[in-house]
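A.B. asks: This is model.txt (compact mmCIF, C-alpha atoms).
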```txt
# COMPACT_ATOMS: atom_id res chain seq x y z
CA MET A 29 53.97 86.96 173.31
CA ALA A 30 56.09 86.71 176.46
CA GLU A 31 53.71 84.09 177.83
CA ASN A 32 54.05 82.10 174.60
CA THR A 33 57.85 82.23 174.79
CA SER A 34 57.83 81.18 178.40
CA ARG A 35 55.51 78.23 177.61
CA LEU A 36 57.79 77.19 174.74
CA GLN A 37 60.84 77.34 176.97
CA GLU A 38 59.05 75.35 179.63
CA ARG A 39 58.20 72.61 177.12
CA LEU A 40 61.72 72.64 175.73
CA LYS A 41 62.99 72.10 179.27
CA ILE A 42 60.72 69.08 179.70
CA ALA A 43 61.94 67.71 176.36
CA ALA A 44 65.52 68.37 177.42
CA TYR A 45 65.14 66.49 180.73
CA LEU A 46 63.50 63.54 178.99
CA LEU A 47 66.26 63.42 176.39
CA ILE A 48 69.05 63.68 178.96
CA ALA A 49 67.53 60.84 181.00
CA GLY A 50 67.10 58.70 177.88
CA LEU A 51 70.61 59.36 176.61
CA ILE A 52 72.23 58.67 179.99
CA ILE A 53 70.40 55.34 180.16
CA GLU A 54 71.56 54.61 176.61
CA VAL A 55 75.21 55.14 177.59
CA ILE A 56 74.78 52.81 180.57
CA THR A 57 73.28 50.08 178.37
CA LEU A 58 76.10 50.42 175.83
CA TYR A 59 78.65 49.38 178.47
CA TRP A 60 76.51 46.78 180.24
CA PHE A 61 76.87 43.55 178.29
CA SER A 62 73.69 41.70 179.11
CA PRO A 63 70.48 40.76 177.31
CA LEU A 64 68.68 42.96 179.85
CA SER A 65 70.64 45.98 178.66
CA PHE A 66 69.04 45.59 175.24
CA MET A 67 65.59 45.58 176.84
CA LEU A 68 66.49 48.63 178.92
CA PHE A 69 67.75 50.38 175.80
CA MET A 70 64.64 49.59 173.78
CA GLY A 71 62.08 49.98 176.54
CA VAL A 72 63.31 52.83 178.70
CA SER A 73 65.94 54.77 176.77
CA GLY A 74 64.04 54.55 173.48
CA THR A 75 60.80 55.62 175.13
CA LEU A 76 62.36 58.58 176.95
CA VAL A 77 64.23 59.83 173.87
CA GLY A 78 61.14 59.32 171.72
CA LEU A 79 58.97 61.21 174.21
CA GLY A 80 61.55 63.99 174.44
CA ILE A 81 61.58 64.41 170.67
CA ILE A 82 57.77 64.40 170.52
CA VAL A 83 57.53 67.01 173.28
CA TYR A 84 60.09 69.15 171.43
CA LEU A 85 58.24 68.87 168.12
CA VAL A 86 54.88 69.61 169.74
CA ALA A 87 56.43 72.60 171.50
CA ILE A 88 57.78 74.19 168.33
CA VAL A 89 54.70 73.41 166.28
CA THR A 90 52.29 74.89 168.82
CA ALA A 91 54.48 77.86 169.70
CA MET B 55 84.97 51.29 168.69
CA ILE B 56 81.54 52.38 167.48
CA ASP B 57 80.21 52.36 171.05
CA HIS B 58 82.88 54.94 171.97
CA ALA B 59 81.77 57.07 169.02
CA VAL B 60 78.14 56.81 170.18
CA THR B 61 79.23 57.74 173.71
CA ILE B 62 81.02 60.85 172.43
CA LEU B 63 77.92 61.77 170.45
CA ILE B 64 75.72 61.32 173.52
CA VAL B 65 78.06 63.38 175.71
CA LEU B 66 77.98 66.13 173.10
CA SER B 67 74.18 65.95 173.01
CA VAL B 68 73.91 66.09 176.79
CA ILE B 69 76.25 69.11 176.94
CA LEU B 70 74.23 70.98 174.32
CA ILE B 71 70.91 70.03 175.92
CA GLY B 72 72.30 71.11 179.31
CA LEU B 73 73.27 74.43 177.78
CA LEU B 74 69.66 74.90 176.61
CA ILE B 75 68.39 74.08 180.10
CA VAL B 76 70.74 76.59 181.73
CA ARG B 77 70.19 79.26 179.06
CA PRO B 78 66.64 78.79 177.69
CA SER B 79 66.73 82.33 176.29
CA LEU B 80 69.14 81.02 173.62
CA THR B 81 66.14 79.65 171.71
CA ALA B 82 64.80 83.16 171.18
CA VAL B 83 67.38 83.92 168.46
CA PRO B 84 67.65 82.10 165.07
CA GLY B 85 71.06 80.57 165.90
CA GLY B 86 69.67 79.24 169.17
CA LYS B 87 66.71 77.70 167.36
CA ILE B 88 69.08 75.82 165.06
CA LEU B 89 71.14 74.73 168.08
CA ALA B 90 67.96 73.48 169.79
CA PHE B 91 66.95 71.58 166.67
CA ILE B 92 70.36 69.89 166.52
CA ALA B 93 70.53 69.19 170.26
CA LEU B 94 66.92 68.12 170.79
CA PHE B 95 66.22 66.35 167.51
CA ILE B 96 69.14 65.50 165.22
CA LEU B 97 71.69 64.30 167.80
CA PRO B 98 69.27 62.21 169.95
CA ILE B 99 67.83 60.46 166.86
CA THR B 100 71.33 59.75 165.57
CA ALA B 101 72.43 58.48 168.99
CA LEU B 102 69.38 56.25 169.21
CA ALA B 103 69.90 54.81 165.73
CA LEU B 104 73.61 54.16 166.30
CA GLY B 105 72.89 52.74 169.77
CA ALA B 106 70.38 50.32 168.24
CA ALA B 107 72.98 49.28 165.66
CA VAL B 108 75.54 48.61 168.44
CA HIS B 109 73.04 46.60 170.46
CA LEU B 110 71.92 44.56 167.46
CA GLU B 111 75.54 43.80 166.57
CA ASP B 112 76.32 42.82 170.18
CA ALA B 113 73.31 40.51 170.14
CA LYS B 114 75.07 38.40 167.49
CA SER B 115 78.05 37.65 169.70
CA THR B 116 78.70 34.26 171.23
CA GLY B 117 79.20 35.89 174.63
CA PHE B 118 75.79 37.52 174.43
CA CYS B 119 74.01 34.20 173.78
CA LEU B 120 75.99 32.44 176.49
CA SER B 121 75.32 35.15 179.07
CA CYS B 122 72.04 33.35 179.84
CA HIS B 123 72.64 30.61 182.38
CA THR B 124 70.48 28.20 180.35
CA MET B 125 72.89 28.35 177.44
CA GLU B 126 76.03 27.50 179.45
CA PRO B 127 76.11 23.78 178.54
CA TYR B 128 75.66 24.70 174.88
CA GLY B 129 78.61 27.05 175.15
CA LYS B 130 80.66 24.29 176.77
CA SER B 131 79.69 21.91 173.98
CA LEU B 132 81.57 24.14 171.55
CA ARG B 133 84.72 22.96 173.34
CA ILE B 134 84.12 19.22 173.22
CA ASP B 135 87.46 17.68 172.33
CA ASP B 136 86.13 15.44 169.57
CA PRO B 137 86.17 16.50 165.90
CA THR B 138 83.09 14.40 165.10
CA TYR B 139 80.95 16.89 167.02
CA ILE B 140 79.82 19.34 164.36
CA PRO B 141 79.39 22.57 166.39
CA ALA B 142 82.63 21.94 168.30
CA SER B 143 84.68 21.24 165.18
CA HIS B 144 83.30 24.32 163.44
CA PHE B 145 84.00 26.52 166.47
CA GLN B 146 87.46 25.19 167.24
CA ASN B 147 88.69 25.34 163.64
CA ASN B 148 87.37 28.81 162.78
CA ARG B 149 84.96 27.38 160.22
CA ILE B 150 82.55 29.91 161.63
CA PRO B 151 83.47 33.30 163.15
CA THR B 152 84.00 32.34 166.78
CA SER B 153 82.82 35.77 167.92
CA ALA B 154 79.39 35.02 166.43
CA GLY B 155 79.37 31.25 166.84
CA CYS B 156 75.72 30.72 167.81
CA TYR B 157 74.30 33.30 165.42
CA THR B 158 76.18 31.99 162.38
CA CYS B 159 74.50 28.59 162.51
CA HIS B 160 71.22 29.52 164.20
CA THR B 161 70.09 32.41 162.06
CA THR B 162 68.04 31.72 158.98
CA TYR B 163 69.69 32.74 155.73
CA THR B 164 66.62 34.32 154.22
CA MET B 165 65.68 37.93 153.51
CA PHE B 166 64.32 38.54 157.02
CA GLY B 167 66.40 35.88 158.77
CA GLY B 168 68.20 38.41 160.94
CA VAL B 169 64.93 40.02 162.03
CA LYS B 170 63.45 36.59 162.77
CA ALA B 171 66.50 35.72 164.86
CA LYS B 172 66.18 38.97 166.84
CA LEU B 173 62.47 38.41 167.46
CA GLY B 174 63.30 34.89 168.60
CA GLY B 175 65.87 36.39 170.94
CA LEU B 176 63.26 38.72 172.45
CA ARG B 177 60.99 35.72 172.99
CA HIS B 178 63.85 33.90 174.72
CA LEU B 179 64.43 36.93 176.95
CA TYR B 180 60.78 36.96 177.94
CA ILE B 181 60.84 33.25 178.78
CA TYR B 182 64.16 33.55 180.61
CA TYR B 183 63.15 36.45 182.87
CA LEU B 184 59.38 36.16 183.11
CA GLY B 185 58.41 32.68 181.99
CA THR B 186 59.49 29.12 182.69
CA VAL B 187 62.54 27.80 180.91
CA PRO B 188 61.85 24.25 179.64
CA THR B 189 64.13 21.58 181.10
CA LYS B 190 65.02 20.29 177.65
CA LEU B 191 65.64 22.91 174.98
CA ALA B 192 64.73 22.27 171.38
CA LEU B 193 64.65 24.20 168.12
CA TYR B 194 61.28 25.61 167.07
CA ASP B 195 61.58 23.89 163.67
CA SER B 196 63.79 21.09 162.42
CA TYR B 197 67.22 22.35 161.40
CA ASN B 198 67.14 23.51 157.80
CA ASN B 199 69.95 22.38 155.46
CA ARG B 200 69.87 25.90 154.00
CA GLU B 201 71.91 27.08 156.99
CA CYS B 202 74.65 24.50 156.31
CA LEU B 203 74.55 25.04 152.56
CA HIS B 204 74.92 28.78 153.02
CA CYS B 205 78.64 28.04 153.46
CA HIS B 206 79.07 24.50 152.14
CA ALA B 207 77.27 24.84 148.81
CA GLY B 208 79.84 25.30 146.09
CA MET B 209 82.76 24.05 148.18
CA ARG B 210 84.70 21.52 146.11
CA VAL B 211 85.40 19.31 149.12
CA PHE B 212 81.65 19.13 149.76
CA GLU B 213 80.25 19.03 146.23
CA GLU B 214 82.64 16.40 144.87
CA SER B 215 82.82 14.11 147.86
CA SER B 216 80.75 11.02 148.38
CA PRO B 217 78.00 10.72 149.57
CA HIS B 218 77.25 14.45 149.23
CA LYS B 219 77.57 14.28 145.45
CA GLU B 220 75.02 11.48 145.14
CA MET B 221 72.43 13.06 147.44
CA ARG B 222 73.05 16.70 146.54
CA ALA B 223 69.51 17.28 145.23
CA GLN B 224 67.90 15.81 148.34
CA LEU B 225 70.12 17.94 150.54
CA GLY B 226 69.09 21.04 148.61
CA THR B 227 65.40 20.34 149.10
CA ASN B 228 65.68 19.15 152.72
CA GLU B 229 64.41 15.70 151.79
CA MET B 230 67.52 14.45 153.54
CA SER B 231 68.75 16.37 156.56
CA CYS B 232 72.46 17.03 156.97
CA LEU B 233 71.93 15.98 160.59
CA THR B 234 70.91 12.48 159.52
CA CYS B 235 74.60 11.63 159.15
CA HIS B 236 76.21 14.52 161.02
CA ASN B 237 74.17 13.79 164.10
CA LYS B 238 76.71 14.59 166.81
CA ILE B 239 75.71 18.10 167.76
CA HIS B 240 75.66 19.93 171.08
CA ASP B 241 74.89 17.05 173.48
CA ALA B 242 74.46 19.57 176.30
CA GLN B 243 73.17 16.96 178.73
CA HIS B 244 76.42 14.99 178.74
CA VAL B 245 78.89 17.78 178.17
CA ASP B 246 80.08 17.76 181.79
CA GLN B 247 81.35 14.20 181.41
CA MET B 248 83.28 14.98 178.23
CA LYS B 249 86.84 16.07 177.67
CA LEU B 250 86.92 19.73 176.73
CA TRP B 251 89.40 21.64 174.59
CA LYS B 252 91.32 24.21 176.61
CA GLY B 253 92.25 26.41 173.66
CA PRO B 254 91.51 30.11 173.25
```
As structure tokens, what does this structure read like?
C.D. replies:
Amino acid sequence: MAENTSRLQERLKIAAYLLIAGLIIEVITLYWFSPLSFMLFMGVSGTLVGLGIIVYLVAIVTA
Amino acid sequence: MIDHAVTILIVLSVILIGLLIVRPSLTAVPGGKILAFIALFILPITALALGAAVHLEDAKSTGFCLSCHTMEPYGKSLRIDDPTYIPASHFQNNRIPTSAGCYTCHTTYTMFGGVKAKLGGLRHLYIYYLGTVPTKLALYDSYNNRECLHCHAGMRVFEESSPHKEMRAQLGTNEMSCLTCHNKIHDAQHVDQMKLWKGP
């Protein structure tokens, strides 16, 4: 049980780091007015946030 | 305005996510589980959706299109001090929203016109950063009268004036292009030799 909880928390941490990185990049792109910022938003921020959400969902489903 | 709202939302998300990193034991209780769901799922998805909306709206702006070096002469051509130049006269007289000058005339007014314009923009980005920009730019397809008629159709000054009135059917079906007569457009190659309007 304790091992399960600790694994869940570990996965939640990974999801949290991915989401924080993605969201910070999103803020940067919002204030950087360039066509590249759109690519960065879609490619990097979107991927990190998407991965973070997937890791979170997998963590709670498999817990 | 909306970008500030998205920023506040993101800051809130980051604070809550940070709290879960510092205190992972919070997720052991029901309230903590709800907090985790909001911080790790609801808020990031909302921030991503709103961020996409902001970026897509920004992509319509004249400044966004002109931020590519290749488009500079086209931007300048909006300031040609000659009312016979169609893009310049539209831009300088607010016949189009000046904040979305390029998009207003170069999107297609069809169901998925906006999506098509965005995909075209992505293609331009790829060519600009990773490909070879052609020396002479050209539209992918001939300019469709539909884009002009989106605003001009139904305008009394257009519908009742000659020769529009006589050739209205041909204009509607693209048998006759608006640009056949209104053929002074961007002229980007000669814009540096032209007198430019210094207005706002």
A.B. asks: Do you know which residues lie at most 12 Å from (66.1, 38.6, 166.5), with coordinates as in the file and all atoms listed in the file counted, and could you write them as a list in words?
C.D. replies: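 Neighbouring residues, ordered by chain and number, come to Pro63 and Phe66 of chain A; His109, Leu110, Glu111, Asp112, Ala113, Lys114, Cys119, Tyr157, His160, Thr161, Thr162, Phe166, Gly167, Gly168, Val169, Lys170, Ala171, Lys172, Leu173, Gly174, Gly175, Leu176, Arg177, His178 and Leu179 of chain B.
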A.B. asks: Quick one: distance from atom CA of Arg210 of chain B to atom CA of Asp136 of chain B in Å, one decimal?
C.D. replies: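 Going from atom CA of Arg210 of chain B over to atom CA of Asp136 of chain B, I get 24.3 Å.
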A.B. asks: Provide as a list in words the residues of chain B at most 6 Å from chain A, counting all atoms listed in the file.
C.D. replies: Val68, Ile71, Ile75 and Phe95 of chain B
A.B. asks: State, in Å with one decimal place, the distance from atom CA of Ser79 of chain B to atom CA of Ala91 of chain A.
C.D. replies: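 Atom CA of Ser79 of chain B sits 14.6 Å away from atom CA of Ala91 of chain A.
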A.B. asks: Residues at most 9 Å from Thr100 of chain B, counting only C-alpha atoms, excluding those fewer than 4 positions away in the same chain, as a list in words?
C.D. replies: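 Selected residues are Val60, Leu63, Phe95, Ile96, Leu104 and Gly105 of chain B.
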A.B. asks: Which one of B:Val245, B:Leu102, B:Ala154, B:Ile92 sits closest to Ile53 of chain A if you count all atoms listed in the file?
C.D. replies: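 Closest to Ile53 of chain A of all the choices is B:Leu102.
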A.B. asks: I'd like the interatomic distance between atom CA of Gly85 of chain B and atom CA of Leu79 of chain A, to a tenth of an Å.
C.D. replies: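 Between these atoms lies a distance of 24.3 Å.
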A.B. asks: From the options B:Glu213, B:Lys219, B:Gly185, B:His236, which residue's atoms come nearest to Tyr197 of chain B, counting only C-alpha atoms?
C.D. replies: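 Looking at the shortest contact to Tyr197 of chain B, the residue is B:His236.
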A.B. asks: Considering all atoms listed in the file, state which residue in the set B:Ile62, B:Leu70, B:Leu80, B:Cys122 is at the smallest distance from Ala101 of chain B.
C.D. replies: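 Among the listed residues, the smallest separation from Ala101 of chain B belongs to B:Ile62.
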A.B. asks: Applying 10 Å and only C-alpha atoms, which residues near Ser115 of chain B remain after dropping the ones on its own chain fewer than 5 positions away? List them as an NGL selection string.
C.D. replies: :B and (110 or 120 or 151-158)
A.B. asks: Can you patch up segment 39-72 of chain A, filling it in to N, CA and C atoms, and show the result as a PDB file, in the frame of the given file?
C.D. replies:
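The resulting rebuild.pdb:
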```
ATOM      1  N   ARG A  39      58.340  73.890 177.822  1.00  0.00           N
ATOM      2  CA  ARG A  39      58.200  72.610 177.120  1.00  0.00           C
ATOM      3  C   ARG A  39      59.557  72.104 176.628  1.00  0.00           C
ATOM      4  N   LEU A  40      60.375  73.042 176.178  1.00  0.00           N
ATOM      5  CA  LEU A  40      61.720  72.640 175.730  1.00  0.00           C
ATOM      6  C   LEU A  40      62.511  72.065 176.898  1.00  0.00           C
ATOM      7  N   LYS A  41      62.295  72.619 178.072  1.00  0.00           N
ATOM      8  CA  LYS A  41      62.990  72.100 179.270  1.00  0.00           C
ATOM      9  C   LYS A  41      62.542  70.675 179.559  1.00  0.00           C
ATOM     10  N   ILE A  42      61.239  70.444 179.455  1.00  0.00           N
ATOM     11  CA  ILE A  42      60.720  69.080 179.700  1.00  0.00           C
ATOM     12  C   ILE A  42      61.338  68.110 178.697  1.00  0.00           C
ATOM     13  N   ALA A  43      61.338  68.545 177.402  1.00  0.00           N
ATOM     14  CA  ALA A  43      61.940  67.710 176.360  1.00  0.00           C
ATOM     15  C   ALA A  43      63.412  67.448 176.672  1.00  0.00           C
ATOM     16  N   ALA A  44      64.094  68.492 177.123  1.00  0.00           N
ATOM     17  CA  ALA A  44      65.520  68.370 177.420  1.00  0.00           C
ATOM     18  C   ALA A  44      65.769  67.365 178.545  1.00  0.00           C
ATOM     19  N   TYR A  45      64.964  67.436 179.610  1.00  0.00           N
ATOM     20  CA  TYR A  45      65.140  66.490 180.730  1.00  0.00           C
ATOM     21  C   TYR A  45      64.868  65.054 180.290  1.00  0.00           C
ATOM     22  N   LEU A  46      63.822  64.887 179.480  1.00  0.00           N
ATOM     23  CA  LEU A  46      63.500  63.540 178.990  1.00  0.00           C
ATOM     24  C   LEU A  46      64.647  62.994 178.138  1.00  0.00           C
ATOM     25  N   LEU A  47      65.169  63.860 177.273  1.00  0.00           N
ATOM     26  CA  LEU A  47      66.260  63.420 176.390  1.00  0.00           C
ATOM     27  C   LEU A  47      67.518  63.100 177.183  1.00  0.00           C
ATOM     28  N   ILE A  48      67.842  63.941 178.153  1.00  0.00           N
ATOM     29  CA  ILE A  48      69.050  63.680 178.960  1.00  0.00           C
ATOM     30  C   ILE A  48      68.906  62.340 179.686  1.00  0.00           C
ATOM     31  N   ALA A  49      67.740  62.111 180.275  1.00  0.00           N
ATOM     32  CA  ALA A  49      67.530  60.840 181.000  1.00  0.00           C
ATOM     33  C   ALA A  49      67.671  59.660 180.034  1.00  0.00           C
ATOM     34  N   GLY A  50      67.037  59.779 178.872  1.00  0.00           N
ATOM     35  CA  GLY A  50      67.100  58.700 177.880  1.00  0.00           C
ATOM     36  C   GLY A  50      68.509  58.451 177.397  1.00  0.00           C
ATOM     37  N   LEU A  51      69.247  59.519 177.138  1.00  0.00           N
ATOM     38  CA  LEU A  51      70.610  59.360 176.610  1.00  0.00           C
ATOM     39  C   LEU A  51      71.555  58.800 177.663  1.00  0.00           C
ATOM     40  N   ILE A  52      71.371  59.208 178.921  1.00  0.00           N
ATOM     41  CA  ILE A  52      72.230  58.670 179.990  1.00  0.00           C
ATOM     42  C   ILE A  52      71.980  57.163 180.135  1.00  0.00           C
ATOM     43  N   ILE A  53      70.712  56.774 180.078  1.00  0.00           N
ATOM     44  CA  ILE A  53      70.400  55.340 180.160  1.00  0.00           C
ATOM     45  C   ILE A  53      70.997  54.595 178.960  1.00  0.00           C
ATOM     46  N   GLU A  54      70.979  55.242 177.804  1.00  0.00           N
ATOM     47  CA  GLU A  54      71.560  54.610 176.610  1.00  0.00           C
ATOM     48  C   GLU A  54      73.054  54.350 176.802  1.00  0.00           C
ATOM     49  N   VAL A  55      73.765  55.328 177.364  1.00  0.00           N
ATOM     50  CA  VAL A  55      75.210  55.140 177.590  1.00  0.00           C
ATOM     51  C   VAL A  55      75.438  53.961 178.542  1.00  0.00           C
ATOM     52  N   ILE A  56      74.623  53.906 179.600  1.00  0.00           N
ATOM     53  CA  ILE A  56      74.780  52.810 180.570  1.00  0.00           C
ATOM     54  C   ILE A  56      74.586  51.457 179.864  1.00  0.00           C
ATOM     55  N   THR A  57      73.555  51.376 179.036  1.00  0.00           N
ATOM     56  CA  THR A  57      73.280  50.080 178.370  1.00  0.00           C
ATOM     57  C   THR A  57      74.385  49.709 177.381  1.00  0.00           C
ATOM     58  N   LEU A  58      75.043  50.713 176.804  1.00  0.00           N
ATOM     59  CA  LEU A  58      76.100  50.420 175.830  1.00  0.00           C
ATOM     60  C   LEU A  58      77.290  49.718 176.491  1.00  0.00           C
ATOM     61  N   TYR A  59      77.492  49.978 177.783  1.00  0.00           N
ATOM     62  CA  TYR A  59      78.650  49.380 178.470  1.00  0.00           C
ATOM     63  C   TYR A  59      78.253  48.248 179.408  1.00  0.00           C
ATOM     64  N   TRP A  60      76.983  47.895 179.402  1.00  0.00           N
ATOM     65  CA  TRP A  60      76.510  46.780 180.240  1.00  0.00           C
ATOM     66  C   TRP A  60      76.162  45.643 179.292  1.00  0.00           C
ATOM     67  N   PHE A  61      77.018  44.630 179.258  1.00  0.00           N
ATOM     68  CA  PHE A  61      76.870  43.550 178.290  1.00  0.00           C
ATOM     69  C   PHE A  61      75.946  42.479 178.858  1.00  0.00           C
ATOM     70  N   SER A  62      74.673  42.664 178.619  1.00  0.00           N
ATOM     71  CA  SER A  62      73.690  41.700 179.110  1.00  0.00           C
ATOM     72  C   SER A  62      72.446  41.791 178.234  1.00  0.00           C
ATOM     73  N   PRO A  63      71.721  40.688 178.083  1.00  0.00           N
ATOM     74  CA  PRO A  63      70.480  40.760 177.310  1.00  0.00           C
ATOM     75  C   PRO A  63      69.504  41.785 177.903  1.00  0.00           C
ATOM     76  N   LEU A  64      69.572  41.983 179.222  1.00  0.00           N
ATOM     77  CA  LEU A  64      68.680  42.960 179.850  1.00  0.00           C
ATOM     78  C   LEU A  64      68.987  44.385 179.395  1.00  0.00           C
ATOM     79  N   SER A  65      70.256  44.630 179.083  1.00  0.00           N
ATOM     80  CA  SER A  65      70.640  45.980 178.660  1.00  0.00           C
ATOM     81  C   SER A  65      69.929  46.339 177.355  1.00  0.00           C
ATOM     82  N   PHE A  66      69.740  45.353 176.496  1.00  0.00           N
ATOM     83  CA  PHE A  66      69.040  45.590 175.240  1.00  0.00           C
ATOM     84  C   PHE A  66      67.584  45.983 175.515  1.00  0.00           C
ATOM     85  N   MET A  67      66.983  45.278 176.485  1.00  0.00           N
ATOM     86  CA  MET A  67      65.590  45.580 176.840  1.00  0.00           C
ATOM     87  C   MET A  67      65.490  46.992 177.431  1.00  0.00           C
ATOM     88  N   LEU A  68      66.471  47.306 178.284  1.00  0.00           N
ATOM     89  CA  LEU A  68      66.490  48.630 178.920  1.00  0.00           C
ATOM     90  C   LEU A  68      66.659  49.721 177.851  1.00  0.00           C
ATOM     91  N   PHE A  69      67.515  49.420 176.894  1.00  0.00           N
ATOM     92  CA  PHE A  69      67.750  50.380 175.800  1.00  0.00           C
ATOM     93  C   PHE A  69      66.460  50.600 175.006  1.00  0.00           C
ATOM     94  N   MET A  70      65.856  49.497 174.592  1.00  0.00           N
ATOM     95  CA  MET A  70      64.640  49.590 173.780  1.00  0.00           C
ATOM     96  C   MET A  70      63.476  50.179 174.576  1.00  0.00           C
ATOM     97  N   GLY A  71      63.272  49.630 175.768  1.00  0.00           N
ATOM     98  CA  GLY A  71      62.080  49.980 176.540  1.00  0.00           C
ATOM     99  C   GLY A  71      62.148  51.331 177.220  1.00  0.00           C
ATOM    100  N   VAL A  72      63.246  51.603 177.890  1.00  0.00           N
ATOM    101  CA  VAL A  72      63.310  52.830 178.700  1.00  0.00           C
ATOM    102  C   VAL A  72      63.980  53.972 177.923  1.00  0.00           C
TER     103      VAL A  72
END
```
